[in-house]
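Novice: Mind looking over this structure? Questions follow.
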Amino acid sequence: MSGARLLLLVAGASAGTALLRYLPALFATRPAHPKLERLLQGVPAAALGALLVQSVPTALPAGHLLTVAAALSVAAVLSLRPGGVLLPVAAAVAIAAAGLFLHLP
């Protein structure tokens, strides 16, 4: 892929993401319903779960089932607490690295 084509692809993806993130805010003229606010609070945990469940098993070499289970379990427990997604992701990465370093199955 040429440099210009790659730049165009990145620019298009960036514009699409920005549009989807900021367009609803432009048209919001009143506060959201409390039930909708409560529902939207669960989106980061759901997105984190979807990303980790698909990426952790494929990021580790085959045969590391215990390490995969430990990393996913720690990330799942930490994602239930209030706050950002940095700690659950960092903990999953640390568990995976430790499992590989210690040669856990």
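Identifiers for the structure tokens are assigned positionally: chains receive A, B, ... in sequence, residues are indexed from 1 per chain, and ligands are indexed from 1 in the order shown.
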Can you pull out every residue within 12 Å of Ala46 in chain A, counting only C-alpha atoms, but drop anything in the same chain fewer than 3 positions away, and send it as a list in words?

Specialist: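 Skipping anything fewer than 3 positions along the chain leaves Leu39, Leu40, Gln41, Gly42, Val43, Gly49, Ala50, Leu51, Leu52, Val53, Ala75, Ala76, Ser79, Leu80 and Val85 of chain A.
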
Novice: Extract the full set of helix (DSSP H, G or I) residues from chain A according to DSSP on the backbone, and format it as a ChimeraX atom specification.

Specialist: /A:3-27,34-40,43-59,65-79,86-101

Novice: Please provide the set of residues having any atom within 12 Å of Ala98 in chain A, restricted to only C-alpha atoms, with same-chain residues fewer than 2 positions apart removed, written as a VMD selection string.

Specialist: chain A and resid 60 64 66 to 68 70 to 71 91 to 96 100 to 105

Novice: Now that the selection is made, can you save its residues with N, CA and C atoms as a compact mmCIF listing (two decimals), in the first residue's frame?

Specialist:
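Done, and the output landed in out_35.txt:
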# COMPACT_ATOMS: atom_id res chain seq x y z
N LEU A 60 -1.78 -14.45 22.56
CA LEU A 60 -0.88 -15.38 23.22
C LEU A 60 -0.67 -16.62 22.37
N HIS A 64 -1.63 -21.68 26.06
CA HIS A 64 -1.55 -20.88 27.28
C HIS A 64 -2.95 -20.60 27.83
N LEU A 66 -4.35 -21.32 30.74
CA LEU A 66 -4.39 -20.79 32.10
C LEU A 66 -4.08 -19.30 32.11
N THR A 67 -3.11 -18.88 31.32
CA THR A 67 -2.75 -17.46 31.25
C THR A 67 -3.90 -16.65 30.65
N VAL A 68 -4.52 -17.16 29.60
CA VAL A 68 -5.66 -16.48 28.99
C VAL A 68 -6.80 -16.34 29.99
N ALA A 70 -6.66 -16.39 33.27
CA ALA A 70 -6.29 -15.47 34.35
C ALA A 70 -6.38 -14.02 33.89
N ALA A 71 -5.87 -13.73 32.71
CA ALA A 71 -5.90 -12.35 32.20
C ALA A 71 -7.33 -11.87 32.00
N ALA A 91 -3.80 -4.49 33.61
CA ALA A 91 -3.70 -5.71 34.42
C ALA A 91 -3.72 -6.96 33.54
N ALA A 92 -4.57 -6.97 32.51
CA ALA A 92 -4.62 -8.12 31.60
C ALA A 92 -3.29 -8.28 30.87
N VAL A 93 -2.70 -7.18 30.45
CA VAL A 93 -1.41 -7.24 29.78
C VAL A 93 -0.33 -7.74 30.74
N ALA A 94 -0.35 -7.25 31.97
CA ALA A 94 0.64 -7.68 32.97
C ALA A 94 0.51 -9.17 33.28
N ILE A 95 -0.72 -9.65 33.43
CA ILE A 95 -0.94 -11.07 33.70
C ILE A 95 -0.46 -11.91 32.52
N ALA A 96 -0.77 -11.48 31.32
CA ALA A 96 -0.33 -12.22 30.13
C ALA A 96 1.20 -12.24 30.03
N LEU A 100 3.57 -15.61 30.30
CA LEU A 100 4.56 -15.98 29.27
C LEU A 100 5.97 -16.07 29.87
N PHE A 101 6.30 -15.15 30.75
CA PHE A 101 7.63 -15.13 31.36
C PHE A 101 7.84 -16.37 32.24
N LEU A 102 6.79 -16.75 32.98
CA LEU A 102 6.88 -17.89 33.88
C LEU A 102 6.58 -19.23 33.18
N HIS A 103 6.27 -19.16 31.90
CA HIS A 103 5.95 -20.35 31.09
C HIS A 103 4.76 -21.13 31.66
N LEU A 104 3.73 -20.40 32.09
CA LEU A 104 2.51 -21.05 32.56
C LEU A 104 1.75 -21.60 31.37
N PRO A 105 1.01 -22.67 31.58
CA PRO A 105 0.24 -23.24 30.45
C PRO A 105 -0.92 -22.36 30.04

Novice: Could you check which of A:Gly12, A:Ala18, A:Ala25, A:Ala90 is closest to Val74 in chain A, using only C-alpha atoms?

Specialist: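 Result for the nearest residue to Val74 in chain A: A:Ala90.
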
Novice: Could you tell me which of A:Val89, A:Gly83, A:Arg21, A:Ala32 comes closest to Ser55 in chain A if we count only C-alpha atoms?

Specialist: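 Of the candidates, the smallest distance to Ser55 in chain A is held by A:Val89.
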
Novice: Between CA of Ala59 in chain A and CA of Leu78 in chain A, measure the distance and give it in Å to one decimal.

Specialist: 20.1 Å

Novice: Separation of CA of Gly16 in chain A and CA of Arg30 in chain A, in Å?

Specialist: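 Separation between CA of Gly16 in chain A and CA of Arg30 in chain A: 24.7 Å.
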
Novice: When you draw a straight line from CA of Leu48 in chain A to CA of Pro88 in chain A, how long is it in Å?

Specialist: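 Answer for the CA of Leu48 in chain A to CA of Pro88 in chain A separation: 8.6 Å.
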